[in-house]
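Source file: work.tsv. Holds: TSV, C-alpha atoms.
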```
chain	number	residue	atom	x	y	z
Y	1	MET	CA	86.53	107.84	90.05
Y	2	ALA	CA	88.61	109.63	92.65
Y	3	THR	CA	91.24	112.01	91.33
Y	4	ASP	CA	94.72	111.10	92.58
Y	5	ALA	CA	96.42	113.95	90.72
Y	6	PHE	CA	95.44	116.66	88.24
Y	7	VAL	CA	96.90	119.64	86.42
Y	8	ASP	CA	95.39	123.05	87.09
Y	9	LYS	CA	96.35	126.62	87.90
Y	10	ILE	CA	97.23	127.92	91.34
Y	11	GLY	CA	94.34	130.19	92.27
Y	12	ILE	CA	95.51	131.94	95.41
Y	13	ILE	CA	98.84	132.30	97.19
Y	14	LYS	CA	98.89	133.85	100.66
Y	15	PRO	CA	101.45	134.16	103.47
Y	16	HIS	CA	101.84	131.44	106.06
Y	17	PRO	CA	100.77	132.93	109.41
Y	18	ASP	CA	103.64	131.36	111.36
Y	19	ALA	CA	106.52	130.68	108.95
Y	20	ASP	CA	108.44	133.29	106.95
Y	21	ARG	CA	109.76	130.75	104.44
Y	22	LEU	CA	106.41	129.13	103.65
Y	23	GLU	CA	103.26	130.12	101.78
Y	24	ILE	CA	99.78	128.69	101.39
Y	25	CYS	CA	98.33	128.03	97.94
Y	26	PHE	CA	95.04	126.69	96.61
Y	27	VAL	CA	94.61	124.55	93.50
Y	28	ARG	CA	90.85	124.32	92.98
Y	29	SER	CA	89.76	124.11	96.64
Y	30	SER	CA	92.68	121.94	97.71
Y	31	GLN	CA	95.08	123.72	100.08
Y	32	CYS	CA	98.81	123.05	100.22
Y	33	VAL	CA	101.74	124.60	102.07
Y	34	ILE	CA	104.62	125.42	99.71
Y	35	ALA	CA	108.07	126.95	99.90
Y	36	LYS	CA	107.96	130.73	99.58
Y	37	GLY	CA	108.73	132.19	96.16
Y	38	VAL	CA	108.79	128.89	94.28
Y	39	PHE	CA	105.39	129.18	92.59
Y	40	GLU	CA	103.41	132.04	91.07
Y	41	ARG	CA	99.70	132.68	91.06
Y	42	PHE	CA	97.97	131.24	87.97
Y	43	GLU	CA	100.93	128.95	87.30
Y	44	GLN	CA	99.92	125.52	86.02
Y	45	VAL	CA	101.07	122.80	88.40
Y	46	LEU	CA	100.54	119.14	89.17
Y	47	LYS	CA	98.45	118.73	92.34
Y	48	ILE	CA	98.82	115.28	93.94
Y	49	GLU	CA	96.17	114.33	96.46
Y	50	GLU	CA	96.08	112.35	99.67
Y	51	ASP	CA	96.09	108.55	99.21
Y	52	ALA	CA	97.85	108.76	95.86
Y	53	LYS	CA	100.60	106.14	95.60
Y	54	LEU	CA	103.85	107.24	93.95
Y	55	ASP	CA	106.29	105.01	92.11
Y	56	VAL	CA	109.51	105.62	94.06
Y	57	SER	CA	111.60	104.15	91.24
Y	58	ARG	CA	110.80	107.24	89.14
Y	59	ALA	CA	113.40	110.01	89.11
Y	60	TRP	CA	110.85	112.81	89.48
Y	61	VAL	CA	109.56	111.29	92.75
Y	62	GLN	CA	112.92	111.33	94.58
Y	63	PRO	CA	112.64	114.88	96.06
Y	64	TYR	CA	109.25	113.98	97.55
Y	65	ARG	CA	110.02	110.62	99.19
Y	66	ASN	CA	110.20	112.17	102.66
Y	67	TYR	CA	106.56	113.26	102.28
Y	68	LEU	CA	105.30	109.71	101.75
Y	69	GLY	CA	103.82	107.38	104.35
Y	70	ASN	CA	103.64	103.60	104.45
Y	71	GLY	CA	103.13	102.04	101.05
Y	72	ASP	CA	104.59	105.14	99.33
Y	73	ARG	CA	101.29	106.86	100.04
Y	74	VAL	CA	100.83	110.64	99.97
Y	75	LYS	CA	99.49	111.91	103.28
Y	76	ASN	CA	98.06	115.16	104.61
Y	77	VAL	CA	100.19	116.96	107.19
Y	78	ARG	CA	100.14	120.10	109.28
Y	79	LEU	CA	103.10	122.41	108.68
Y	80	ARG	CA	103.50	124.97	111.44
Y	81	GLY	CA	99.83	124.63	112.28
Y	82	VAL	CA	98.45	124.86	108.72
Y	83	MET	CA	96.88	121.92	106.89
Y	84	SER	CA	98.76	120.88	103.77
Y	85	ARG	CA	96.82	118.53	101.49
Y	86	GLY	CA	99.08	116.44	99.29
Y	87	LEU	CA	101.83	117.84	97.08
Y	88	VAL	CA	102.27	120.59	94.49
Y	89	VAL	CA	104.81	119.83	91.76
Y	90	SER	CA	106.09	122.22	89.10
Y	91	LEU	CA	105.34	121.16	85.53
Y	92	LYS	CA	108.88	122.20	84.66
Y	93	GLU	CA	110.09	119.14	86.58
Y	94	LEU	CA	107.80	116.90	84.52
Y	95	GLU	CA	108.35	118.09	80.96
Y	96	GLN	CA	109.83	114.80	79.81
Y	97	GLU	CA	107.25	112.56	81.50
Y	98	LEU	CA	104.28	114.65	80.30
Y	99	ALA	CA	105.44	115.32	76.73
Y	100	GLY	CA	102.48	114.73	74.43
Y	101	VAL	CA	100.06	114.01	77.31
Y	102	ASP	CA	96.67	115.75	77.42
Y	103	LEU	CA	96.98	117.72	80.66
Y	104	GLU	CA	93.18	118.02	80.93
Y	105	ASN	CA	92.95	114.24	81.23
Y	106	SER	CA	93.86	113.40	84.83
Y	107	VAL	CA	93.79	109.66	84.12
Y	108	ALA	CA	96.35	110.06	81.33
Y	109	VAL	CA	98.50	112.32	83.52
Y	110	CYS	CA	98.52	109.76	86.34
Y	111	GLU	CA	99.35	106.92	83.95
Y	112	ALA	CA	102.27	108.88	82.46
Y	113	LEU	CA	103.68	109.65	85.91
Y	114	GLY	CA	103.07	106.24	87.47
Y	115	ILE	CA	100.61	107.66	90.01
Y	116	THR	CA	98.04	105.17	91.28
Y	117	HIS	CA	95.60	105.00	94.19
Y	118	TYR	CA	96.78	103.44	97.42
Y	119	GLU	CA	95.00	100.16	98.09
Y	120	ARG	CA	95.04	98.44	101.44
Y	121	PRO	CA	96.82	95.10	101.16
Y	122	CYS	CA	94.56	92.09	100.60
Y	123	LYS	CA	95.65	88.56	101.47
Y	124	ALA	CA	96.46	86.92	98.15
Y	125	GLN	CA	95.02	83.59	99.30
Y	126	ASP	CA	91.62	85.24	99.81
Y	127	ALA	CA	91.39	86.81	96.34
Y	128	LYS	CA	89.22	85.02	93.78
Y	129	GLY	CA	89.14	87.58	90.98
Y	130	ASN	CA	87.83	90.97	89.90
Y	131	LEU	CA	84.53	92.46	91.04
Y	132	PRO	CA	81.35	91.00	89.48
Y	133	PRO	CA	80.09	92.56	86.24
Y	134	GLY	CA	78.45	95.95	86.76
Y	135	ILE	CA	80.02	96.49	90.19
Y	136	GLU	CA	82.64	99.23	90.19
Y	137	LYS	CA	85.10	99.77	93.02
Y	138	SER	CA	84.01	102.36	95.56
Y	139	ASP	CA	85.91	105.54	94.85
Y	140	GLU	CA	84.13	108.73	95.88
Y	141	GLU	CA	85.81	111.97	94.80
Y	142	ASN	CA	86.83	114.39	97.54
Y	143	TRP	CA	85.20	117.77	96.90
Y	144	GLN	CA	88.45	119.71	97.20
Y	145	THR	CA	89.80	118.13	93.99
Y	146	MET	CA	86.67	118.90	91.98
Y	147	LYS	CA	85.90	121.85	89.71
Y	148	GLU	CA	83.26	124.19	91.08
Y	149	HIS	CA	80.64	123.34	88.45
Y	150	GLU	CA	80.87	119.69	89.55
Y	151	LEU	CA	79.88	120.43	93.15
Y	152	HIS	CA	76.13	120.94	92.49
Y	153	LEU	CA	76.07	124.05	94.64
Y	154	GLY	CA	72.53	125.08	95.58
Y	155	GLU	CA	71.16	121.54	95.30
Y	156	THR	CA	69.93	119.49	98.23
Y	157	ALA	CA	72.00	116.54	99.42
Y	158	LEU	CA	71.56	113.83	102.01
Y	159	ILE	CA	74.62	113.90	104.25
Y	160	THR	CA	75.86	110.67	105.79
Y	161	HIS	CA	78.75	109.85	108.09
Y	162	LYS	CA	81.81	108.20	106.51
Y	163	VAL	CA	82.70	105.13	108.56
Y	164	ASP	CA	86.44	104.40	108.59
Y	165	GLY	CA	86.74	100.70	107.82
Y	166	SER	CA	87.02	98.73	104.60
Y	167	SER	CA	84.59	98.76	101.69
Y	168	ALA	CA	82.67	95.52	101.13
Y	169	VAL	CA	79.98	94.19	98.79
Y	170	LEU	CA	77.49	91.34	99.14
Y	171	TYR	CA	76.29	90.35	95.65
Y	172	TYR	CA	73.54	87.93	94.69
Y	173	ASP	CA	72.45	86.83	91.20
Y	174	PRO	CA	69.08	85.06	91.46
Y	175	HIS	CA	69.28	83.81	87.86
Y	176	GLN	CA	72.31	81.64	88.68
Y	177	ASP	CA	71.83	81.38	92.47
Y	178	LYS	CA	75.28	82.97	92.71
Y	179	LEU	CA	76.46	84.65	95.90
Y	180	GLU	CA	79.68	86.66	96.09
Y	181	PHE	CA	81.57	88.37	98.91
Y	182	CYS	CA	83.73	91.26	97.73
Y	183	SER	CA	86.27	93.71	99.07
Y	184	ARG	CA	86.71	97.16	97.56
Y	185	THR	CA	88.36	95.83	94.40
Y	186	LEU	CA	88.18	92.02	94.45
Y	187	THR	CA	85.79	89.08	94.68
Y	188	LEU	CA	86.86	86.85	97.55
Y	189	LYS	CA	87.10	83.10	97.94
Y	190	THR	CA	84.75	81.38	100.35
Y	191	LEU	CA	86.60	78.04	100.24
Y	192	ASN	CA	90.30	77.28	100.49
Y	193	ASP	CA	92.19	74.94	98.17
Y	194	MET	CA	91.13	71.99	100.33
Y	195	GLY	CA	87.45	72.86	99.92
Y	196	GLN	CA	87.14	74.04	103.52
Y	197	PRO	CA	85.21	77.22	104.40
Y	198	LEU	CA	87.31	80.35	104.65
Y	199	GLU	CA	86.73	82.89	107.38
Y	200	ASN	CA	87.75	86.52	107.16
Y	201	ASN	CA	86.31	89.82	108.30
Y	202	TYR	CA	84.43	90.35	105.04
Y	203	ILE	CA	82.63	87.01	105.16
Y	204	LYS	CA	81.89	87.23	108.89
Y	205	ALA	CA	80.51	90.78	108.68
Y	206	LEU	CA	78.37	90.19	105.57
Y	207	THR	CA	77.00	86.71	106.30
Y	208	PRO	CA	74.09	87.92	108.52
Y	209	TYR	CA	72.62	89.78	105.53
Y	210	ILE	CA	72.63	86.92	103.02
Y	211	PRO	CA	68.90	86.21	103.60
Y	212	HIS	CA	68.09	89.91	103.06
Y	213	VAL	CA	69.90	90.16	99.74
Y	214	LYS	CA	68.60	86.83	98.44
Y	215	ALA	CA	65.00	87.64	99.34
Y	216	LEU	CA	65.14	91.07	97.73
Y	217	ALA	CA	66.83	89.79	94.55
Y	218	LYS	CA	64.33	86.95	94.17
Y	219	ASN	CA	61.41	89.28	94.83
Y	220	LEU	CA	62.64	91.75	92.19
Y	221	GLY	CA	63.91	89.10	89.78
Y	222	GLU	CA	67.24	90.84	89.31
Y	223	ILE	CA	70.78	91.06	90.69
Y	224	VAL	CA	71.16	92.99	93.94
Y	225	ALA	CA	74.42	94.08	95.57
Y	226	ILE	CA	74.59	95.87	98.89
Y	227	ARG	CA	77.69	97.95	99.49
Y	228	GLY	CA	78.96	99.26	102.77
Y	229	GLU	CA	81.81	99.46	105.22
Y	230	ILE	CA	83.00	96.67	107.46
Y	231	TYR	CA	84.53	98.11	110.59
Y	232	GLY	CA	85.74	97.16	114.04
Y	233	ASN	CA	87.91	94.23	115.07
Y	234	GLY	CA	91.00	96.35	114.40
Y	235	ILE	CA	90.18	97.10	110.74
Y	236	ASN	CA	92.15	100.23	109.80
Y	237	GLY	CA	93.44	100.22	113.35
Y	238	HIS	CA	94.88	103.59	114.38
Y	239	LYS	CA	94.72	105.40	117.69
Y	240	VAL	CA	92.38	108.09	116.26
Y	241	ASN	CA	90.06	105.64	114.50
Y	242	GLN	CA	87.25	104.94	116.95
Y	243	ASP	CA	85.45	102.78	114.38
Y	244	ALA	CA	88.32	100.26	114.49
Y	245	LYS	CA	87.78	99.80	118.23
Y	246	GLN	CA	84.18	98.57	117.81
Y	247	PRO	CA	83.02	94.93	117.50
Y	248	LEU	CA	83.08	93.69	113.91
Y	249	GLY	CA	80.13	95.12	112.02
Y	250	PHE	CA	78.75	96.22	108.66
Y	251	ALA	CA	77.18	99.56	107.77
Y	252	MET	CA	75.44	99.83	104.39
Y	253	TYR	CA	76.07	103.03	102.42
Y	254	GLY	CA	74.96	102.03	98.95
Y	255	VAL	CA	73.15	99.52	96.77
Y	256	ARG	CA	73.56	98.49	93.14
Y	257	PHE	CA	71.13	96.97	90.64
Y	258	PRO	CA	73.58	96.27	87.78
Y	259	GLU	CA	70.97	94.96	85.33
Y	260	SER	CA	68.87	98.14	85.36
Y	261	ASP	CA	68.89	100.50	82.37
Y	262	ASP	CA	67.99	103.39	84.67
Y	263	ASP	CA	71.28	104.94	85.82
Y	264	ARG	CA	69.74	106.36	89.01
Y	265	LYS	CA	68.31	102.98	90.00
Y	266	ARG	CA	71.42	101.08	88.94
Y	267	LYS	CA	73.55	103.23	91.27
Y	268	GLY	CA	70.93	103.50	94.03
Y	269	ARG	CA	70.84	107.31	93.95
Y	270	TYR	CA	69.10	109.36	96.60
Y	271	LYS	CA	65.39	109.96	95.88
Y	272	SER	CA	65.43	107.40	93.05
Y	273	GLY	CA	63.28	105.02	95.06
Y	274	TRP	CA	66.23	102.59	95.15
Y	275	HIS	CA	68.51	104.32	97.64
Y	276	PHE	CA	69.77	102.24	100.58
Y	277	LEU	CA	67.10	103.80	102.81
Y	278	ASP	CA	64.46	102.72	100.27
Y	279	VAL	CA	65.95	99.22	100.19
Y	280	ASN	CA	65.48	98.89	103.93
Y	281	GLU	CA	61.83	99.89	103.50
Y	282	LYS	CA	61.41	97.20	100.82
Y	283	LEU	CA	63.04	94.65	103.11
Y	284	GLY	CA	60.63	95.61	105.89
Y	285	LYS	CA	57.73	94.78	103.61
Y	286	LEU	CA	59.33	91.37	103.04
Y	287	GLY	CA	59.47	90.80	106.79
Y	288	PHE	CA	63.14	91.59	107.40
Y	289	ALA	CA	64.73	93.83	109.99
Y	290	PRO	CA	66.68	96.72	108.36
Y	291	ILE	CA	70.31	96.27	107.41
Y	292	PRO	CA	72.46	98.61	109.55
Y	293	THR	CA	73.48	101.73	107.65
Y	294	VAL	CA	76.03	104.48	108.02
Y	295	PRO	CA	74.66	107.23	110.28
Y	296	VAL	CA	72.41	109.66	108.40
Y	297	ILE	CA	73.06	113.30	109.35
Y	298	GLY	CA	70.20	114.83	107.35
Y	299	GLU	CA	69.51	117.00	104.33
Y	300	ALA	CA	71.30	120.25	103.54
Y	301	VAL	CA	71.69	122.67	100.65
Y	302	VAL	CA	75.21	122.40	99.25
Y	303	THR	CA	77.29	125.57	99.59
Y	304	LYS	CA	81.03	126.21	99.61
Y	305	GLU	CA	80.66	127.31	103.23
Y	306	LEU	CA	79.09	123.95	104.12
Y	307	LEU	CA	81.85	122.03	102.35
Y	308	PHE	CA	84.60	123.94	104.16
Y	309	GLU	CA	82.72	123.42	107.43
Y	310	LEU	CA	82.54	119.66	106.87
Y	311	SER	CA	86.24	119.47	106.03
Y	312	ALA	CA	87.09	121.35	109.24
Y	313	LYS	CA	85.29	118.90	111.54
Y	314	PRO	CA	87.30	117.76	114.59
Y	315	VAL	CA	89.03	114.39	114.81
Y	316	SER	CA	86.34	113.21	117.23
Y	317	GLU	CA	83.75	113.29	114.42
Y	318	GLY	CA	85.64	110.75	112.32
Y	319	GLU	CA	86.93	110.49	108.78
Y	320	GLY	CA	84.38	112.72	107.10
Y	321	LYS	CA	80.96	112.97	105.49
Y	322	VAL	CA	79.43	111.92	102.16
Y	323	LEU	CA	77.02	114.10	100.19
Y	324	ASN	CA	74.40	112.12	98.25
Y	325	GLY	CA	72.57	113.94	95.47
Y	326	GLU	CA	69.86	112.77	93.10
Y	327	SER	CA	72.37	111.98	90.34
Y	328	TRP	CA	75.75	112.39	92.05
Y	329	SER	CA	77.72	111.87	95.24
Y	330	TYR	CA	81.09	112.88	96.64
Y	331	LYS	CA	82.84	113.10	99.98
Y	332	ALA	CA	84.10	115.80	102.33
Y	333	LYS	CA	86.99	114.32	104.28
Y	334	SER	CA	88.01	115.82	107.59
Y	335	ASP	CA	91.40	117.51	107.19
Y	336	ASN	CA	92.06	117.21	110.93
Y	337	TYR	CA	91.33	113.47	110.94
Y	338	CYS	CA	93.40	112.75	107.84
Y	339	ALA	CA	96.38	114.64	109.23
Y	340	LYS	CA	96.31	112.49	112.37
Y	341	MET	CA	96.26	109.29	110.29
Y	342	LYS	CA	99.72	109.85	108.76
```

Translate this file's structure into structure tokens.
Amino acid sequence: MATDAFVDKIGIIKPHPDADRLEICFVRSSQCVIAKGVFERFEQVLKIEEDAKLDVSRAWVQPYRNYLGNGDRVKNVRLRGVMSRGLVVSLKELEQELAGVDLENSVAVCEALGITHYERPCKAQDAKGNLPPGIEKSDEENWQTMKEHELHLGETALITHKVDGSSAVLYYDPHQDKLEFCSRTLTLKTLNDMGQPLENNYIKALTPYIPHVKALAKNLGEIVAIRGEIYGNGINGHKVNQDAKQPLGFAMYGVRFPESDDDRKRKGRYKSGWHFLDVNEKLGKLGFAPIPTVPVIGEAVVTKELLFELSAKPVSEGEGKVLNGESWSYKAKSDNYCAKMK
């Protein structure tokens, strides 16, 4: 689950190169521009990340409303040429809200402060219900919010491009002959209240791969769900998002086998034999063309230098990259891209 906010100590404070009244601080590996002299090194603070959604009815949020984008969403910005990721808030301002809360538990901290994750609006008439059993919402952690021991430094990862669209799932249960189209967080209707077929970007983009998923599920005798990004046709339309300017399409970035007892298979981990690249090989043996996937960059050993390099990629390279390990995965979002999306 992605971390929207967490409590930790400020590790480094250094001068801003082009502003006498500003400083740069790091909480874990997440960089933020702050007012000079307000915080001290090793001070415990609340670090709020990009795409967190703040409850603007709360008193503690009022000083930060000018830093929010559409939907009361925290955004990355450049302040006098320096990237500032999210917000740093003094715990002194939050004593009442966080009284009795375990500060090590980021979920409890967010609940106490009314911090949630920004979700793109979904048409209410298209929503059928929650995701099917065993299918969690896609929510990769950004490496800059993670503790160093969680980064799997020194291990090999498959690096893939992060397409900027909208997460989608095509789910098939062969036991019940049950097919579902899903967004990031919801199962979607396929018929309206009059019993007529519904059309939306999710259904249109996923429909070509119904035969693939059904054939694989029936061959294996278990539930199969392919997960990926629908893109194009104006989805997440923004002048810097080149993916939104493409024809409507689907790019697979994951697969789930929710009935499996093997965690690596269930989550389709890299080198488990059930990764999305493996699934395309299995489909080939069944006589199917491969399902389009997110672009694969290649393998690399994970280092802090690599992670900083990936986060510094230019806007032209898109939203970011995803690192897929044998039992883990997380993302490295492009700071430059995210700052342009405000």

Excluding same-chain residues fewer than 5 positions from Lys53 of chain Y, what lies within 8 Å of it counting only C-alpha atoms, as a compact mmCIF listing (two decimals) with C-alpha atoms, in the coordinates of the input?
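Contents of selection08.txt, freshly written:
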```txt
# COMPACT_ATOMS: atom_id res chain seq x y z
CA GLY Y 71 103.13 102.04 101.05
CA ASP Y 72 104.59 105.14 99.33
CA ARG Y 73 101.29 106.86 100.04
CA VAL Y 74 100.83 110.64 99.97
CA ILE Y 115 100.61 107.66 90.01
CA THR Y 116 98.04 105.17 91.28
CA HIS Y 117 95.60 105.00 94.19
CA TYR Y 118 96.78 103.44 97.42
```

Smallest atom-to-atom distance to Lys75 of chain Y: which of Y:Leu91, Y:Gln44, Y:Leu216, Y:Asp4, using only C-alpha atoms?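 Using only C-alpha atoms, Lys75 of chain Y sits closest to Y:Asp4.
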
Per residue of segment 257-295 of chain Y within 10 Å of segment 132-149 of chain Y, record the nearest atom pair and its distance in Å to one decimal, counting only C-alpha atoms, with rows in chain order and ascending residue number, as CSV.
```
residue,atom,partner,partner_atom,distance
Y:Phe257,CA,Y:Gly134,CA,8.3
Y:Pro258,CA,Y:Gly134,CA,5.0
Y:Glu259,CA,Y:Gly134,CA,7.7
Y:Ser260,CA,Y:Gly134,CA,9.9
Y:Arg266,CA,Y:Gly134,CA,9.0
Y:Lys267,CA,Y:Ile135,CA,9.4
```

Hey, which of Y:Leu220, Y:Ala332, Y:Leu131, Y:Val163 ends up closest to Arg184 of chain Y? Count all atoms listed in the file.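 The answer is Y:Leu131, which sits nearest to Arg184 of chain Y.
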
Name the residues within 7 Å of (102.5, 125.1, 108.1), counting only C-alpha atoms in the file's coordinates, and put them as a ChimeraX atom specification. /Y:16,19,33,78-83

What is the distance, in Å and to one decimal place, between atom CA of Lys304 of chain Y and atom CA of Val7 of chain Y?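 It comes out at 21.7 Å.
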
Would you mind putting back all heavy atoms on segment 318-327 of chain Y, then writing it out as a PDB file, in the coordinates of the input?
```pdb
ATOM      1  N   GLY Y 318      85.309 111.811 113.272  1.00  0.00           N
ATOM      2  CA  GLY Y 318      85.640 110.750 112.320  1.00  0.00           C
ATOM      3  C   GLY Y 318      86.193 111.225 110.996  1.00  0.00           C
ATOM      4  O   GLY Y 318      86.586 112.373 110.826  1.00  0.00           O
ATOM      5  N   GLU Y 319      86.225 110.281 110.042  1.00  0.00           N
ATOM      6  CA  GLU Y 319      86.930 110.490 108.780  1.00  0.00           C
ATOM      7  C   GLU Y 319      86.311 111.560 107.896  1.00  0.00           C
ATOM      8  O   GLU Y 319      86.998 112.228 107.143  1.00  0.00           O
ATOM      9  CB  GLU Y 319      87.005 109.173 108.010  1.00  0.00           C
ATOM     10  CG  GLU Y 319      87.854 109.260 106.756  1.00  0.00           C
ATOM     11  CD  GLU Y 319      87.907 107.957 105.991  1.00  0.00           C
ATOM     12  OE1 GLU Y 319      87.209 106.992 106.373  1.00  0.00           O
ATOM     13  OE2 GLU Y 319      88.649 107.892 104.995  1.00  0.00           O
ATOM     14  N   GLY Y 320      85.003 111.718 107.956  1.00  0.00           N
ATOM     15  CA  GLY Y 320      84.380 112.720 107.100  1.00  0.00           C
ATOM     16  C   GLY Y 320      82.915 112.437 106.866  1.00  0.00           C
ATOM     17  O   GLY Y 320      82.283 111.639 107.559  1.00  0.00           O
ATOM     18  N   LYS Y 321      82.370 113.110 105.842  1.00  0.00           N
ATOM     19  CA  LYS Y 321      80.960 112.970 105.490  1.00  0.00           C
ATOM     20  C   LYS Y 321      80.854 112.722 103.990  1.00  0.00           C
ATOM     21  O   LYS Y 321      81.749 113.050 103.215  1.00  0.00           O
ATOM     22  CB  LYS Y 321      80.197 114.256 105.853  1.00  0.00           C
ATOM     23  CG  LYS Y 321      80.313 114.658 107.321  1.00  0.00           C
ATOM     24  CD  LYS Y 321      79.622 113.682 108.248  1.00  0.00           C
ATOM     25  CE  LYS Y 321      79.665 114.133 109.712  1.00  0.00           C
ATOM     26  NZ  LYS Y 321      80.982 113.940 110.337  1.00  0.00           N
ATOM     27  N   VAL Y 322      79.720 112.150 103.577  1.00  0.00           N
ATOM     28  CA  VAL Y 322      79.430 111.920 102.160  1.00  0.00           C
ATOM     29  C   VAL Y 322      78.162 112.676 101.806  1.00  0.00           C
ATOM     30  O   VAL Y 322      77.171 112.636 102.553  1.00  0.00           O
ATOM     31  CB  VAL Y 322      79.275 110.426 101.851  1.00  0.00           C
ATOM     32  CG1 VAL Y 322      78.893 110.221 100.381  1.00  0.00           C
ATOM     33  CG2 VAL Y 322      80.565 109.666 102.163  1.00  0.00           C
ATOM     34  N   LEU Y 323      78.177 113.372 100.679  1.00  0.00           N
ATOM     35  CA  LEU Y 323      77.020 114.100 100.190  1.00  0.00           C
ATOM     36  C   LEU Y 323      76.393 113.302  99.061  1.00  0.00           C
ATOM     37  O   LEU Y 323      77.060 112.990  98.060  1.00  0.00           O
ATOM     38  CB  LEU Y 323      77.411 115.494  99.699  1.00  0.00           C
ATOM     39  CG  LEU Y 323      77.888 116.463 100.790  1.00  0.00           C
ATOM     40  CD1 LEU Y 323      79.383 116.311 101.036  1.00  0.00           C
ATOM     41  CD2 LEU Y 323      77.580 117.900 100.416  1.00  0.00           C
ATOM     42  N   ASN Y 324      75.115 112.949  99.216  1.00  0.00           N
ATOM     43  CA  ASN Y 324      74.400 112.120  98.250  1.00  0.00           C
ATOM     44  C   ASN Y 324      73.350 112.959  97.543  1.00  0.00           C
ATOM     45  O   ASN Y 324      72.368 113.377  98.166  1.00  0.00           O
ATOM     46  CB  ASN Y 324      73.713 110.952  98.971  1.00  0.00           C
ATOM     47  CG  ASN Y 324      74.675 110.093  99.760  1.00  0.00           C
ATOM     48  OD1 ASN Y 324      75.205 109.127  99.245  1.00  0.00           O
ATOM     49  ND2 ASN Y 324      74.911 110.443 101.021  1.00  0.00           N
ATOM     50  N   GLY Y 325      73.548 113.205  96.257  1.00  0.00           N
ATOM     51  CA  GLY Y 325      72.570 113.940  95.470  1.00  0.00           C
ATOM     52  C   GLY Y 325      71.695 113.003  94.662  1.00  0.00           C
ATOM     53  O   GLY Y 325      71.820 111.776  94.732  1.00  0.00           O
ATOM     54  N   GLU Y 326      70.795 113.581  93.870  1.00  0.00           N
ATOM     55  CA  GLU Y 326      69.860 112.770  93.100  1.00  0.00           C
ATOM     56  C   GLU Y 326      70.497 112.106  91.887  1.00  0.00           C
ATOM     57  O   GLU Y 326      69.953 111.157  91.338  1.00  0.00           O
ATOM     58  CB  GLU Y 326      68.661 113.623  92.679  1.00  0.00           C
ATOM     59  CG  GLU Y 326      67.836 114.101  93.875  1.00  0.00           C
ATOM     60  CD  GLU Y 326      66.591 114.849  93.466  1.00  0.00           C
ATOM     61  OE1 GLU Y 326      66.026 114.536  92.391  1.00  0.00           O
ATOM     62  OE2 GLU Y 326      66.155 115.744  94.215  1.00  0.00           O
ATOM     63  N   SER Y 327      71.675 112.609  91.463  1.00  0.00           N
ATOM     64  CA  SER Y 327      72.370 111.980  90.340  1.00  0.00           C
ATOM     65  C   SER Y 327      73.887 111.998  90.544  1.00  0.00           C
ATOM     66  O   SER Y 327      74.648 111.792  89.610  1.00  0.00           O
ATOM     67  CB  SER Y 327      72.039 112.716  89.022  1.00  0.00           C
ATOM     68  OG  SER Y 327      72.458 114.071  89.098  1.00  0.00           O
TER      69      SER Y 327
END
```
